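Have a look at the structure below before the remarks.
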Amino acid sequence: MNDQQRWQAAMMDNYGTPGLTLVRGEGAHVWDADGNRYLDLLAGIAVNALGHAHPAVVAAVTGQIGRIAHTSNLYINEPALTLAERLLDLAGADGDGRVLFCNSGAEANEAAFKLSRRTGRTKVVATDGGFHGRTMGALALTGQPAKRAPFEPLVPGVVHIPFGDVDALEAAIDDETAAFVVEPVQGENGVVVPPEGYLGAARRITAEHGALLVLDEVQTGVGRLGTWFAFQQAGVVPDVFTLAKGLGGGLPLGACVALGPAKDLFEPGQHGTTFGGNPVCCAAALAVLDTIAADGLLEHASAVGKEIAAGVEALDHPLVSGVRGAGLLLGITLREAVSAKAAAAAQRAGYLINPIQPDVIRIAPPLVLDEADAQRFVAGLPTWLEA
């Protein structure tokens with residue numbers, strides 16, 4: 001049997017059957033089982049922030065697993081403690097924040113959802129098109145009906161409103177609202193960017209009603225947009241933000257970070273996870289944060305992202321209607337539903353891109369993507385669109 005047949009025989013069918021087997025990676029490149037090389041412009045869905053097999057991550061993981069691989073949360077482990085302190089410093093918490101580690105973005109959002117119940121309120125407002133994960137609580141927050149319908153009824157009390165609509169936000173949030181949960185940029189919905197000032201309005205409106213502002217930074221955090229967190233670009237301070245994807249640099253790690261009074265909502269025994277804060281994953285995350293800072297990857301991501309966006313727009317291709325997003329989370333919007341065909345052609349040419357919507361191509365490459373590879377991607381795009 002080939003790999004696809006083995007997958008179909010052994011794996012549940014929730015993902016469909018992938019067409020490519022990857023066996024190794026280096027930097028922004030990966031190789032398949034036949035030795036073919038690809039430029040990885042998706043990075044494991046925005047996970048591999050430093051690319052593949054980065055020496056800093058390899059050294060951190062190797063060193064940590066040789067000392068102690070797991071402790072549970074019944075004991076302190078130094079990498080988790082240091083990482084929590086680092087995240088709070090990067091968020092500007094100034095001693096007024098706390099972190100809960102978990103294993104994924106869905107779990108981080110589950111934690112934020114549960115945290116909101118500790119306000120004594122049960123109504124939560126989320127947005128149409130938003131994606132917050134596929135576990136039952138996170139799915140209740142997710143504003144994509146096709147993903148929700150097969151599993152209803154979901155957790156009650158969640159109201160969905162149009163993304164980016166301040167009037168709808170004003171109308172939906174009241175004194176019974178526990179939280180407003182929103183992505184700064186809707187990644188899975190096609191890299192949809194809200195109007196300028198939207199997050200600022202969300203901050204004002206939630207504060208007026210005593211509701212938590214929860215920002216899902218699972219995809220936008222850890223430098224993806226060219227700043228540590230998207231809320232820093234918007235000039236707001238949330239009550240809670242969630243992280244995952246790029247945080248562990250390829251290892252499973254999520255975090256729910258609470259600032260201000262929200263940091264004290266959980267009490268002992270009210271939430272937990274066996275593997276959350278695993279020292280190996282946290283050591284990898286510290287290597288990721290150290291490398292981003294030392295190598296200037298925030299500035300690099302911002303600059304290369306702008307070059308890609310400008311390059312794609314300069315193509316003036318009849319199928320391209322625009323580029324949206326920031327840093328190295330970009331959506332190339334198309335006038336026709338040809339993204340899947342273009343992605344297949346790109347793969348044949350040695351480039352991995354993501355047809356996130358029928359008319360949107362998403363790229364979320366490693367932050368270490370160099371300019372030459374970025375230019376090659378832009379140069380090849382017309383050929384793939386016309387395939």
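Chain lettering (A, B, ...) mirrors the order of the structure tokens, residue numbering begins at 1 for each chain separately, and ligand numbering begins at 1 in order of display.
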
Worksheet item: Which residues, written as JSON, numbers by chain, have at least one atom at most 9 Å from A:Val320, with only C-alpha atoms counted and residues fewer than 3 positions away on the same chain left out?
Response: {"A": [312, 313, 315, 316, 317, 323, 332, 333, 334, 335, 336, 385]}

Keeping only all heavy atoms, write those residues as an mmCIF file, in the first residue's frame.
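For reference, part_31.cif as written:
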data_model
loop_
_atom_site.group_PDB
_atom_site.id
_atom_site.type_symbol
_atom_site.label_atom_id
_atom_site.label_comp_id
_atom_site.auth_asym_id
_atom_site.auth_seq_id
_atom_site.Cartn_x
_atom_site.Cartn_y
_atom_site.Cartn_z
ATOM 1 N N VAL A 312 2.736 41.220 -5.270
ATOM 2 C CA VAL A 312 1.530 40.599 -5.840
ATOM 3 C C VAL A 312 0.639 41.669 -6.482
ATOM 4 O O VAL A 312 0.116 41.478 -7.592
ATOM 5 C CB VAL A 312 0.755 39.828 -4.751
ATOM 6 C CG1 VAL A 312 -0.597 39.356 -5.291
ATOM 7 C CG2 VAL A 312 1.577 38.646 -4.255
ATOM 8 N N GLU A 313 0.488 42.786 -5.811
ATOM 9 C CA GLU A 313 -0.353 43.851 -6.386
ATOM 10 C C GLU A 313 0.273 44.422 -7.658
ATOM 11 O O GLU A 313 -0.427 44.782 -8.599
ATOM 12 C CB GLU A 313 -0.589 44.932 -5.338
ATOM 13 C CG GLU A 313 -1.520 44.447 -4.207
ATOM 14 C CD GLU A 313 -1.641 45.428 -3.064
ATOM 15 O OE1 GLU A 313 -0.812 46.360 -2.996
ATOM 16 O OE2 GLU A 313 -2.557 45.247 -2.238
ATOM 17 N N LEU A 315 1.815 42.823 -9.841
ATOM 18 C CA LEU A 315 1.584 41.916 -10.970
ATOM 19 C C LEU A 315 0.438 42.405 -11.840
ATOM 20 O O LEU A 315 0.389 42.138 -13.046
ATOM 21 C CB LEU A 315 1.261 40.503 -10.455
ATOM 22 C CG LEU A 315 2.372 39.732 -9.739
ATOM 23 C CD1 LEU A 315 1.814 38.444 -9.138
ATOM 24 C CD2 LEU A 315 3.526 39.427 -10.687
ATOM 25 N N ASP A 316 -0.521 43.081 -11.167
ATOM 26 C CA ASP A 316 -1.717 43.580 -11.853
ATOM 27 C C ASP A 316 -2.388 42.445 -12.634
ATOM 28 O O ASP A 316 -2.823 42.627 -13.778
ATOM 29 C CB ASP A 316 -1.344 44.737 -12.788
ATOM 30 C CG ASP A 316 -2.579 45.533 -13.217
ATOM 31 O OD1 ASP A 316 -3.577 45.514 -12.476
ATOM 32 O OD2 ASP A 316 -2.534 46.160 -14.296
ATOM 33 N N HIS A 317 -2.442 41.274 -11.985
ATOM 34 C CA HIS A 317 -2.998 40.092 -12.661
ATOM 35 C C HIS A 317 -4.526 40.174 -12.656
ATOM 36 O O HIS A 317 -5.134 40.537 -11.640
ATOM 37 C CB HIS A 317 -2.543 38.827 -11.954
ATOM 38 C CG HIS A 317 -2.790 37.579 -12.732
ATOM 39 N ND1 HIS A 317 -4.022 36.963 -12.785
ATOM 40 C CD2 HIS A 317 -1.959 36.855 -13.518
ATOM 41 C CE1 HIS A 317 -3.941 35.899 -13.553
ATOM 42 N NE2 HIS A 317 -2.694 35.805 -14.019
ATOM 43 N N VAL A 323 -4.675 42.122 -1.844
ATOM 44 C CA VAL A 323 -3.944 41.404 -0.804
ATOM 45 C C VAL A 323 -4.325 42.026 0.526
ATOM 46 O O VAL A 323 -4.325 43.251 0.666
ATOM 47 C CB VAL A 323 -2.421 41.505 -0.992
ATOM 48 C CG1 VAL A 323 -1.699 40.691 0.079
ATOM 49 C CG2 VAL A 323 -2.013 41.039 -2.380
ATOM 50 N N ILE A 332 -4.440 36.468 -0.373
ATOM 51 C CA ILE A 332 -4.492 36.985 -1.749
ATOM 52 C C ILE A 332 -5.898 36.703 -2.267
ATOM 53 O O ILE A 332 -6.286 35.552 -2.457
ATOM 54 C CB ILE A 332 -3.422 36.300 -2.622
ATOM 55 C CG1 ILE A 332 -2.030 36.562 -2.048
ATOM 56 C CG2 ILE A 332 -3.513 36.793 -4.073
ATOM 57 C CD1 ILE A 332 -0.937 35.699 -2.653
ATOM 58 N N THR A 333 -6.664 37.757 -2.466
ATOM 59 C CA THR A 333 -8.059 37.594 -2.864
ATOM 60 C C THR A 333 -8.157 37.529 -4.385
ATOM 61 O O THR A 333 -7.460 38.249 -5.104
ATOM 62 C CB THR A 333 -8.907 38.742 -2.315
ATOM 63 O OG1 THR A 333 -8.407 39.997 -2.791
ATOM 64 C CG2 THR A 333 -8.886 38.745 -0.793
ATOM 65 N N LEU A 334 -9.050 36.649 -4.845
ATOM 66 C CA LEU A 334 -9.149 36.348 -6.280
ATOM 67 C C LEU A 334 -10.537 36.700 -6.812
ATOM 68 O O LEU A 334 -11.522 36.659 -6.077
ATOM 69 C CB LEU A 334 -8.865 34.864 -6.512
ATOM 70 C CG LEU A 334 -7.545 34.341 -5.920
ATOM 71 C CD1 LEU A 334 -7.456 32.829 -6.089
ATOM 72 C CD2 LEU A 334 -6.350 35.027 -6.572
ATOM 73 N N ARG A 335 -10.611 37.004 -8.056
ATOM 74 C CA ARG A 335 -11.901 37.342 -8.680
ATOM 75 C C ARG A 335 -12.678 36.096 -9.103
ATOM 76 O O ARG A 335 -13.852 36.186 -9.442
ATOM 77 C CB ARG A 335 -11.680 38.265 -9.879
ATOM 78 C CG ARG A 335 -11.149 39.646 -9.493
ATOM 79 C CD ARG A 335 -11.171 40.625 -10.656
ATOM 80 N NE ARG A 335 -10.869 41.974 -10.209
ATOM 81 C CZ ARG A 335 -9.650 42.490 -10.156
ATOM 82 N NH1 ARG A 335 -8.623 41.771 -10.557
ATOM 83 N NH2 ARG A 335 -9.463 43.724 -9.723
ATOM 84 N N GLU A 336 -12.020 34.949 -9.107
ATOM 85 C CA GLU A 336 -12.688 33.693 -9.436
ATOM 86 C C GLU A 336 -12.264 32.625 -8.420
ATOM 87 O O GLU A 336 -11.222 32.759 -7.771
ATOM 88 C CB GLU A 336 -12.332 33.234 -10.861
ATOM 89 C CG GLU A 336 -12.788 34.213 -11.948
ATOM 90 C CD GLU A 336 -12.397 33.740 -13.341
ATOM 91 O OE1 GLU A 336 -12.101 32.533 -13.493
ATOM 92 O OE2 GLU A 336 -12.373 34.574 -14.260
ATOM 93 N N LEU A 385 -1.929 30.598 -11.103
ATOM 94 C CA LEU A 385 -3.306 31.079 -11.230
ATOM 95 C C LEU A 385 -3.896 30.717 -12.585
ATOM 96 O O LEU A 385 -5.103 30.490 -12.720
ATOM 97 C CB LEU A 385 -3.348 32.608 -11.049
ATOM 98 C CG LEU A 385 -3.069 33.131 -9.642
ATOM 99 C CD1 LEU A 385 -2.979 34.660 -9.659
ATOM 100 C CD2 LEU A 385 -4.161 32.688 -8.669
#

Could you make a table, as a tab-separated table, of the residues of stretch 174-280 of chain A that have an atom within 10 Å of an atom of stretch 147-162 of chain A, each with its nearest atom pair and distance in Å to one decimal, counting only C-alpha atoms, in chain and number order?
residue	atom	partner	partner_atom	distance
A:Thr177	CA	A:Gly157	CA	9.5
A:Ala178	CA	A:Gly157	CA	9.9
A:Ala179	CA	A:Val158	CA	9.7
A:Phe180	CA	A:Val159	CA	9.5
A:Val181	CA	A:His160	CA	9.8

Restricted to N, CA, C and O atoms, what would the selected residues look like written as a CSV table (one decimal), in the first residue's frame?
chain,number,residue,atom,x,y,z
A,177,THR,N,-23.6,40.5,29.4
A,177,THR,CA,-22.5,39.9,28.6
A,177,THR,C,-21.3,39.6,29.4
A,177,THR,O,-20.7,40.5,30.1
A,178,ALA,N,-20.9,38.3,29.4
A,178,ALA,CA,-19.6,37.9,30.1
A,178,ALA,C,-18.4,38.3,29.3
A,178,ALA,O,-17.4,38.8,29.9
A,179,ALA,N,-18.5,38.2,28.0
A,179,ALA,CA,-17.2,38.4,27.2
A,179,ALA,C,-17.6,38.6,25.7
A,179,ALA,O,-18.6,38.1,25.2
A,180,PHE,N,-16.7,39.3,25.0
A,180,PHE,CA,-16.7,39.4,23.5
A,180,PHE,C,-15.4,38.7,23.1
A,180,PHE,O,-14.3,39.1,23.5
A,181,VAL,N,-15.6,37.7,22.3
A,181,VAL,CA,-14.5,36.9,21.8
A,181,VAL,C,-14.3,37.1,20.3
A,181,VAL,O,-15.2,37.0,19.5

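For the atom pair formed by atom CA of A:Val61 and atom CA of A:Ala283, the distance is 6.3 Å, given to one decimal.
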
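Using only C-alpha atoms for every distance, the candidate list A:Ile363, A:Val214, A:Glu176, A:Glu183 yields A:Glu183 as the residue closest to A:Gly143.
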